[in-house]
Structures are given as C-alpha cells and as structure tokens.
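Source file upload-v7.txt; content: compact mmCIF, C-alpha atoms and all ligand atoms.
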```txt
# COMPACT_ATOMS: atom_id res chain seq x y z
CA MET F 1 -6.49 23.95 -2.74
CA TYR F 2 -6.10 20.81 -4.81
CA THR F 3 -6.41 17.28 -3.53
CA ILE F 4 -4.64 14.52 -5.46
CA PHE F 5 -7.92 13.83 -7.29
CA ASN F 6 -8.17 17.36 -8.65
CA GLN F 7 -4.61 18.35 -9.41
CA PRO F 8 -4.15 19.47 -13.02
CA SER F 9 -2.78 16.61 -15.11
CA GLN F 10 -2.59 15.36 -18.69
CA PHE F 11 -6.01 13.70 -18.23
CA THR F 12 -9.03 15.59 -19.59
CA ILE F 13 -12.67 14.56 -19.28
CA GLY F 14 -14.38 13.64 -22.56
CA SER F 15 -17.21 15.65 -24.07
CA GLY F 16 -19.32 12.57 -24.70
CA LYS F 17 -18.67 12.28 -28.45
CA GLN F 18 -18.34 8.56 -29.16
CA ILE F 19 -15.97 7.31 -31.87
CA ALA F 20 -14.47 3.87 -32.48
CA PRO F 21 -11.26 3.10 -30.55
CA LEU F 22 -7.88 3.25 -32.28
CA ALA F 23 -5.07 0.78 -31.69
CA GLU F 24 -3.38 3.10 -29.18
CA SER F 25 -6.59 3.98 -27.26
CA PHE F 26 -6.59 3.02 -23.58
CA VAL F 27 -9.20 0.58 -22.28
CA PHE F 28 -10.14 0.81 -18.60
CA ILE F 29 -11.88 -2.47 -17.70
CA VAL F 30 -13.52 -2.11 -14.30
CA ASP F 31 -15.53 -4.46 -12.07
CA ASN F 32 -18.15 -3.79 -9.36
CA LYS F 33 -15.58 -3.89 -6.55
CA ASN F 34 -13.50 -0.82 -7.52
CA ASN F 35 -10.92 -2.91 -9.39
CA ILE F 36 -9.28 -2.34 -12.76
CA LEU F 37 -7.63 -4.88 -15.08
CA LEU F 38 -3.98 -4.18 -15.92
CA LEU F 39 -1.79 -5.72 -18.60
CA ASN F 40 1.85 -5.94 -17.52
CA ASN F 41 0.99 -3.47 -14.74
CA GLN F 42 -0.30 -0.85 -17.17
CA VAL F 43 -3.68 0.22 -18.50
CA PRO F 44 -3.96 -1.85 -21.72
CA THR F 45 -4.29 -0.31 -25.15
CA TYR F 46 -7.04 -1.47 -27.49
CA SER F 47 -4.59 -3.32 -29.76
CA LYS F 48 -3.05 -5.25 -26.87
CA ILE F 49 -6.18 -6.37 -25.08
CA ASP F 50 -7.71 -9.76 -25.87
CA LYS F 51 -11.01 -8.82 -27.56
CA SER F 52 -12.73 -11.81 -25.96
CA ILE F 53 -12.61 -10.06 -22.56
CA ILE F 54 -14.24 -6.84 -23.77
CA ASN F 55 -17.57 -6.26 -25.35
CA SER F 56 -16.71 -3.59 -27.89
CA THR F 57 -20.33 -2.43 -28.11
CA THR F 58 -20.14 -1.26 -24.47
CA LEU F 59 -16.87 0.65 -24.79
CA PHE F 60 -17.56 4.22 -23.66
CA LEU F 61 -15.18 7.07 -24.50
CA PHE F 62 -14.87 9.14 -21.31
CA GLY F 63 -11.66 11.17 -21.65
CA TYR F 64 -8.16 11.64 -23.01
CA ILE F 65 -4.60 11.24 -21.72
CA ASN F 66 -2.27 13.40 -23.82
CA ASP F 67 -4.92 13.33 -26.60
CA VAL F 68 -5.11 9.51 -26.56
CA ALA F 69 -8.73 8.43 -26.09
CA CYS F 70 -9.68 6.55 -22.89
CA TYR F 71 -12.53 4.03 -23.03
CA CYS F 72 -14.16 2.18 -20.16
CA CYS F 73 -16.26 -0.97 -19.94
CA PHE F 74 -17.31 -3.32 -17.17
CA ASP F 75 -16.59 -6.94 -16.39
CA ASP F 76 -17.58 -8.32 -12.99
CA ASN F 77 -15.48 -11.43 -13.44
CA LEU F 78 -12.03 -10.00 -14.01
CA GLN F 79 -9.52 -12.82 -14.38
CA SER F 80 -5.81 -12.50 -13.70
CA ASN F 81 -3.06 -14.57 -15.30
CA ASN F 82 0.69 -14.20 -15.96
CA ASN F 83 0.22 -10.85 -17.70
CA LEU F 84 -3.13 -9.63 -16.42
CA ALA F 85 -3.48 -8.28 -12.89
CA ILE F 86 -6.49 -7.07 -10.93
CA GLN F 87 -5.67 -3.77 -9.23
CA ASN F 88 -7.73 -1.91 -6.62
CA ILE F 89 -8.31 1.61 -7.94
CA LYS F 90 -8.06 3.35 -4.55
CA ALA F 91 -4.59 1.87 -4.08
CA SER F 92 -3.49 2.53 -7.67
CA TYR F 93 -2.31 6.10 -6.92
CA GLN F 94 0.84 4.52 -5.53
CA MET F 95 1.69 2.85 -8.84
CA PHE F 96 0.12 5.09 -11.51
CA SER F 97 1.15 8.53 -12.61
CA LEU F 98 -1.52 11.14 -11.83
CA GLU F 99 -3.29 11.11 -15.21
CA TYR F 100 -3.84 7.33 -15.17
CA PHE F 101 -5.03 7.45 -11.56
CA GLN F 102 -7.52 10.24 -12.35
CA ALA F 103 -8.73 8.41 -15.48
CA SER F 104 -9.24 5.22 -13.43
CA LEU F 105 -11.35 7.16 -10.93
CA LEU F 106 -13.60 8.55 -13.63
CA ALA F 107 -13.80 5.12 -15.32
CA ASN F 108 -15.08 3.67 -12.03
CA HIS F 109 -17.73 6.37 -11.77
CA ILE F 110 -18.82 6.15 -15.43
CA VAL F 111 -18.96 2.35 -15.38
CA TYR F 112 -21.23 2.40 -12.30
CA TRP F 113 -23.49 4.91 -14.04
CA LEU F 114 -23.63 2.86 -17.26
CA ARG F 115 -24.41 -0.40 -15.50
CA THR F 116 -27.20 1.15 -13.40
CA HIS F 117 -28.78 3.04 -16.32
CA LYS F 118 -28.99 0.43 -19.06
CA PHE F 119 -32.69 1.20 -19.42
CA CYS F 120 -34.67 4.41 -19.68
CA GLY F 121 -36.24 5.41 -16.34
CA LEU F 122 -39.36 6.72 -18.09
CA CYS F 123 -40.36 4.06 -20.63
CA GLY F 124 -38.05 1.13 -19.84
CA ASN F 125 -36.50 0.85 -23.29
CA THR F 126 -32.76 0.54 -23.83
CA ASN F 127 -30.56 3.62 -23.31
CA HIS F 128 -27.86 4.43 -25.89
CA PHE F 129 -24.71 6.52 -25.69
CA SER F 130 -25.27 10.13 -26.74
CA ASN F 131 -22.87 11.49 -29.31
CA LYS F 132 -23.34 15.11 -28.29
CA GLU F 133 -22.57 15.14 -24.56
CA LEU F 134 -21.77 12.98 -21.53
CA SER F 135 -25.22 11.41 -21.35
CA LEU F 136 -27.40 8.48 -22.33
CA LYS F 137 -30.36 8.82 -24.66
CA CYS F 138 -33.49 6.67 -24.93
CA THR F 139 -34.12 6.04 -28.62
CA SER F 140 -37.79 5.32 -27.93
CA CYS F 141 -38.96 8.37 -25.91
CA ASN F 142 -35.88 10.61 -26.31
CA ASN F 143 -35.35 10.90 -22.51
CA THR F 144 -31.82 12.04 -21.57
CA THR F 145 -29.99 10.56 -18.55
CA TYR F 146 -26.90 12.32 -17.15
CA PRO F 147 -24.25 10.72 -14.92
CA SER F 148 -25.48 10.45 -11.33
CA ILE F 149 -23.51 12.32 -8.67
CA ALA F 150 -24.38 11.95 -4.96
CA PRO F 151 -23.47 15.08 -2.96
CA CYS F 152 -21.85 14.45 0.44
CA VAL F 153 -20.65 16.86 3.09
CA ILE F 154 -17.64 16.25 5.31
CA GLY F 155 -16.54 18.49 8.17
CA LEU F 156 -13.58 18.95 10.46
CA ILE F 157 -14.95 20.33 13.76
CA TYR F 158 -12.61 22.22 16.09
CA ASN F 159 -12.95 23.46 19.65
CA GLU F 160 -10.14 25.71 20.86
CA ASP F 161 -6.99 23.52 20.60
CA LYS F 162 -8.76 20.24 19.78
CA ILE F 163 -10.40 18.65 16.72
CA LEU F 164 -13.20 16.09 16.61
CA LEU F 165 -12.48 12.78 14.88
CA ALA F 166 -14.64 9.67 14.73
CA LYS F 167 -14.31 6.01 13.88
CA ASN F 168 -16.88 4.70 11.44
CA ASN F 169 -18.47 1.29 12.06
CA ASN F 170 -17.58 0.20 8.53
CA ASN F 171 -13.92 1.11 8.90
CA THR F 172 -11.80 -1.95 9.58
CA ASN F 173 -8.45 -0.11 9.75
CA ASN F 174 -9.07 1.70 13.04
CA VAL F 175 -9.03 5.06 11.24
CA TYR F 176 -10.26 8.25 12.93
CA SER F 177 -11.78 10.63 10.40
CA CYS F 178 -14.10 13.62 9.96
CA ILE F 179 -17.90 13.50 10.21
CA ALA F 180 -19.50 12.92 6.81
CA GLY F 181 -22.86 12.13 5.26
CA PHE F 182 -25.10 12.46 2.23
CA VAL F 183 -27.01 15.66 1.52
CA ASN F 184 -30.79 15.24 1.66
CA PRO F 185 -33.09 16.78 -0.98
CA GLY F 186 -34.07 20.28 0.13
CA GLU F 187 -30.96 20.85 2.26
CA SER F 188 -28.16 23.35 1.77
CA LEU F 189 -24.66 21.96 2.26
CA GLU F 190 -24.29 23.85 5.55
CA ARG F 191 -27.61 22.53 6.94
CA ALA F 192 -26.64 19.01 5.86
CA LEU F 193 -23.38 19.26 7.82
CA GLU F 194 -25.17 20.67 10.89
CA ARG F 195 -27.65 17.78 10.76
CA GLU F 196 -25.01 15.09 10.24
CA VAL F 197 -22.85 16.36 13.13
CA HIS F 198 -25.89 16.55 15.40
CA GLU F 199 -27.13 13.08 14.41
CA GLU F 200 -23.76 11.35 14.71
CA VAL F 201 -22.19 13.03 17.75
CA GLY F 202 -24.95 15.21 19.29
CA LEU F 203 -23.06 18.50 18.92
CA LYS F 204 -24.09 21.89 17.55
CA ILE F 205 -21.61 23.70 15.29
CA LYS F 206 -21.13 27.27 14.03
CA ASN F 207 -18.86 29.28 11.70
CA ILE F 208 -19.08 26.71 8.89
CA ARG F 209 -16.49 27.48 6.18
CA TYR F 210 -16.18 25.74 2.83
CA ILE F 211 -12.63 24.53 2.07
CA SER F 212 -12.65 22.34 -1.06
CA SER F 213 -14.29 19.44 -2.86
CA GLN F 214 -13.27 16.22 -4.55
CA GLN F 215 -14.96 13.38 -6.34
CA TRP F 216 -15.18 10.07 -4.47
CA PRO F 217 -16.23 7.69 -7.24
CA PHE F 218 -16.88 4.65 -5.02
CA PRO F 219 -19.32 4.57 -6.61
CA HIS F 220 -20.47 8.14 -7.35
CA SER F 221 -20.04 10.69 -4.56
CA LEU F 222 -18.91 14.30 -4.67
CA MET F 223 -17.39 15.21 -1.30
CA MET F 224 -17.65 18.84 -0.20
CA GLY F 225 -15.29 19.64 2.64
CA PHE F 226 -15.84 22.18 5.44
CA ILE F 227 -14.22 23.33 8.63
CA ALA F 228 -16.58 24.36 11.44
CA GLU F 229 -16.34 25.47 15.05
CA TYR F 230 -17.91 23.66 18.01
CA ASP F 231 -20.87 25.58 19.42
CA SER F 232 -22.47 23.54 22.20
CA GLY F 233 -23.35 20.09 23.53
CA GLU F 234 -21.60 16.98 24.84
CA ILE F 235 -20.39 14.18 22.53
CA LYS F 236 -23.14 11.57 22.23
CA VAL F 237 -22.05 8.87 19.76
CA ASP F 238 -24.61 7.33 17.39
CA TYR F 239 -23.41 3.73 17.61
CA ASN F 240 -25.44 2.78 14.53
CA GLU F 241 -22.91 4.80 12.50
CA LEU F 242 -19.81 5.20 14.66
CA SER F 243 -17.84 3.10 17.12
CA ASP F 244 -16.11 6.12 18.72
CA ALA F 245 -15.80 9.91 18.53
CA ARG F 246 -13.37 12.05 20.52
CA TRP F 247 -11.59 15.37 20.77
CA PHE F 248 -7.89 15.17 19.90
CA LYS F 249 -5.17 17.74 20.46
CA LEU F 250 -3.04 18.23 17.35
CA ASN F 251 0.00 16.74 19.08
CA GLU F 252 -1.97 13.54 19.73
CA LEU F 253 -2.67 12.86 16.02
CA ASP F 254 0.53 10.87 15.50
CA GLN F 255 -0.84 8.27 17.94
CA ILE F 256 -3.90 7.39 15.80
CA ASN F 257 -4.56 6.18 12.25
CA LEU F 258 -5.57 9.12 10.08
CA PRO F 259 -7.55 8.82 6.81
CA SER F 260 -5.78 7.88 3.58
CA GLU F 261 -3.82 10.68 1.97
CA ILE F 262 -6.07 10.49 -1.10
CA SER F 263 -9.17 11.37 0.97
CA ILE F 264 -10.54 14.85 1.48
CA ALA F 265 -10.68 14.09 5.23
CA ASN F 266 -6.87 13.90 5.26
CA HIS F 267 -6.77 17.12 3.24
CA LEU F 268 -9.04 18.93 5.74
CA ILE F 269 -6.93 17.81 8.71
CA LYS F 270 -3.71 18.96 7.00
CA HIS F 271 -5.33 22.24 6.01
CA TYR F 272 -6.40 22.88 9.61
CA ILE F 273 -2.92 22.04 10.98
CA LEU F 274 -1.32 24.37 8.42
CA CYS F 275 -3.66 27.25 9.32
CA ASN F 276 -3.01 26.61 13.02
CA ASP F 277 0.76 26.67 12.47
CA ASN F 278 0.44 29.98 10.65
CA LYS F 279 -1.46 31.50 13.57
CA GLN F 280 1.30 30.69 16.03
ZN ZN F 301 -37.53 6.13 -22.79
```

How does this structure look as structure tokens?
Amino acid sequence: MYTIFNQPSQFTIGSGKQIAPLAESFVFIVDNKNNILLLNNQVPTYSKIDKSIINSTTLFLFGYINDVACYCCFDDNLQSNNNLAIQNIKASYQMFSLEYFQASLLANHIVYWLRTHKFCGLCGNTNHFSNKELSLKCTSCNNTTYPSIAPCVIGLIYNEDKILLAKNNNNTNNVYSCIAGFVNPGESLERALEREVHEEVGLKIKNIRYISSQQWPFPHSLMMGFIAEYDSGEIKVDYNELSDARWFKLNELDQINLPSEISIANHLIKHYILCNDNKQ
C-alpha cells in the first residue's frame, strides 16, 4: 500500500551525477526548521531566483520532475518579502502537487545530510559531491559517505475490538498516535518494536506483521510500519516519553485527534479499520 510519500509521481530520485543548473531547473532552498523558500508560491527556477540568496557551489542535483533537474541548497536565514514566502514542508502537501511535495521531502533530507557531512569522518578534510552516485567523496583519503537514514519502527497494537494509541510528550496538538521508536544496532525490526512497546507502555505483543514503510525526512528517518496483537501485561506509561496511552474502540476514534494524514501512523490506523470492516 502506498502512503502519500510513496505514491508514484512525476518526481524521480537523481543518480548523483552533478551537472550545472539550467535556467528552467528547480531550486529547493531549505532551512534547518523544515521550511522551503517559495517564489510566488512556487518552487523557484534557477533563472528566477536572486543569485545572492543561493551559493551556487553548494547546489546539489537530487532528482527530476518531468525530466527537469531539481537542485537543493541550504540557507538558515530564509527571508520573506512580497514575492518570497517561507513554507513549512510538512504542510506543503496541501498546496503542492505530489511531485513537488515529494521533491521537497527529499530536499529536506539531502540538505540535512549535506550540512552534517561537510567534512570527511575519517581524515577531517572537505567532502565533495560525487559525480557517480548519491554520495560524498573525500578528495584527500577517498572515503565515501552515503546519505544517512535512521530506521524507525512504528506499530499499531490491537486487542480484540480495541487499539492502543498514545500521546507523545513532544506533541502539542493533543494527537493520539501509534508507538514508535528508533531501531538500535543489533536489533531486528520486530525486536525493536517489541522493546519500544514494552519500554513505553509495559505491554508484551505477538503476531507482528509488516504493513508498509515511508520516509520521514525530519530530518532523516525511515519509518517501518507494523500491526501487532496484544499478548500480555497492563498499560504502564513511561512518562518520560508519553503523557498518556489508552485502548480505544474504533467507534471512539472520532472523539480524539488522530495523526496527520501524511503520517504512516494515520495509514496504519486506516489500514486496520479497513481490514476490520472487511472481516465483518
Ligand atoms: Zn578523508
């Protein structure tokens, strides 16, 4: 099943080959707060953007929209004016067509990678864009650095006619969502989910089934979504991570705030409801 992040579109990911931008190339200028700079509410083309706000030596070709090259670069002091607007990327799916939204997501991920890997991790010299693949190359020791991706698991837990949803401490919108966390080195995805569920709500789970995945480039996660069945235990909330966790019947879900429709958590909940409807 596709989430909005993964639906086929006219956006394709670049191979890493770097060439100079053309007048019609798109330039995705991104800051460190998940924002993108828009010109007249659109992603600017190279010919239209004021060259004083981009450093052309840091323009990185990361993909194509209908064969038009997409470049990204970073600027932590984005300035708006009559024509220029600062747009939050997570919210941009409501205003962009799918290919521009997907390109903005990848731009956010690539920009974070570029800004955190300016120097070689082995010898400390400057990294340069590779022309052969999506990577950075140290010209001094030849070390190759690939884009960082942090694997995360997220699980919808069910128990007979109820599902478990939790409110994260960092969530200010009162949203109830699925249990999620980063995968530790040495763990399988299933063991990571078992550990996260046990740590955050004190429950044991069984029958873990993979459903789908999606990138979450804020800044560089890959979310892998599961549905699992409750096995044993009473809910014991880890208040360092969560402010609440409860069982909800499906007919109670319209009384709470569910995760954003662009999130895989929303996708998992909808998937579970759909499967439940089909069983009845
Ligand atoms: Zn090096």

ask   = Contacts of segment 63-74 of chain F at 6 Å or less, counting only C-alpha atoms, minus same-chain residues fewer than 6 places along, as number ranges by chain?
value = F: 10-14, 25-31, 107

message = So that I can check the surroundings of Asn240 of chain F, please list as a PyMOL selection string every protein, DNA and RNA residue that reaches within 12 Å of it, counting only C-alpha atoms and ignoring chain neighbours fewer than 5 positions away.
response = chain F and resi 167-170+199-201

key: Interatomic distance (Å, one decimal) between atom CA of Ser148 of chain F and atom CA of Phe182 of chain F   =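 Between these atoms lies a distance of 13.7 Å.
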
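Candidate residues F:Lys51, F:Lys162, F:His117, F:Arg195 were compared for distance to Thr145 of chain F, and the nearest is F:His117, using only C-alpha atoms.
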
Atom pair atom CA of Phe101 of chain F / atom CA of Gln215 of chain F: separation (Å) = 12.7 Å

ask   = What residues have any atom no more than 10 Å from ligand ZN 301 (chain F) when counting only C-alpha atoms and all ligand atoms, and can you list them as a list in words?
value =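 Answer in the requested format: Phe119, Cys120, Gly121, Leu122, Cys123, Gly124, Asn125, Thr126, Asn127, Lys137, Cys138, Thr139, Ser140, Cys141, Asn142, Asn143, Thr144 and Thr145 of chain F.
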
query = Just how far from atom CA of Phe60 of chain F is atom CA of Cys152 of chain F, in Å to one decimal?
reply =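 Between atom CA of Cys152 of chain F and atom CA of Phe60 of chain F the gap works out to 26.5 Å.
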
task = Compare F:Arg191, F:Arg115, F:His267, F:Lys206 by their minimum atom-to-atom distance to Asp76 of chain F, counting all atoms listed in the file, and give me the closest one.
result = F:Arg115

query = For Tyr272 of chain F, which residue out of F:Ala228, F:Met223, F:Ile256, F:Leu84 is the nearest one, using only C-alpha atoms?
reply = F:Ala228
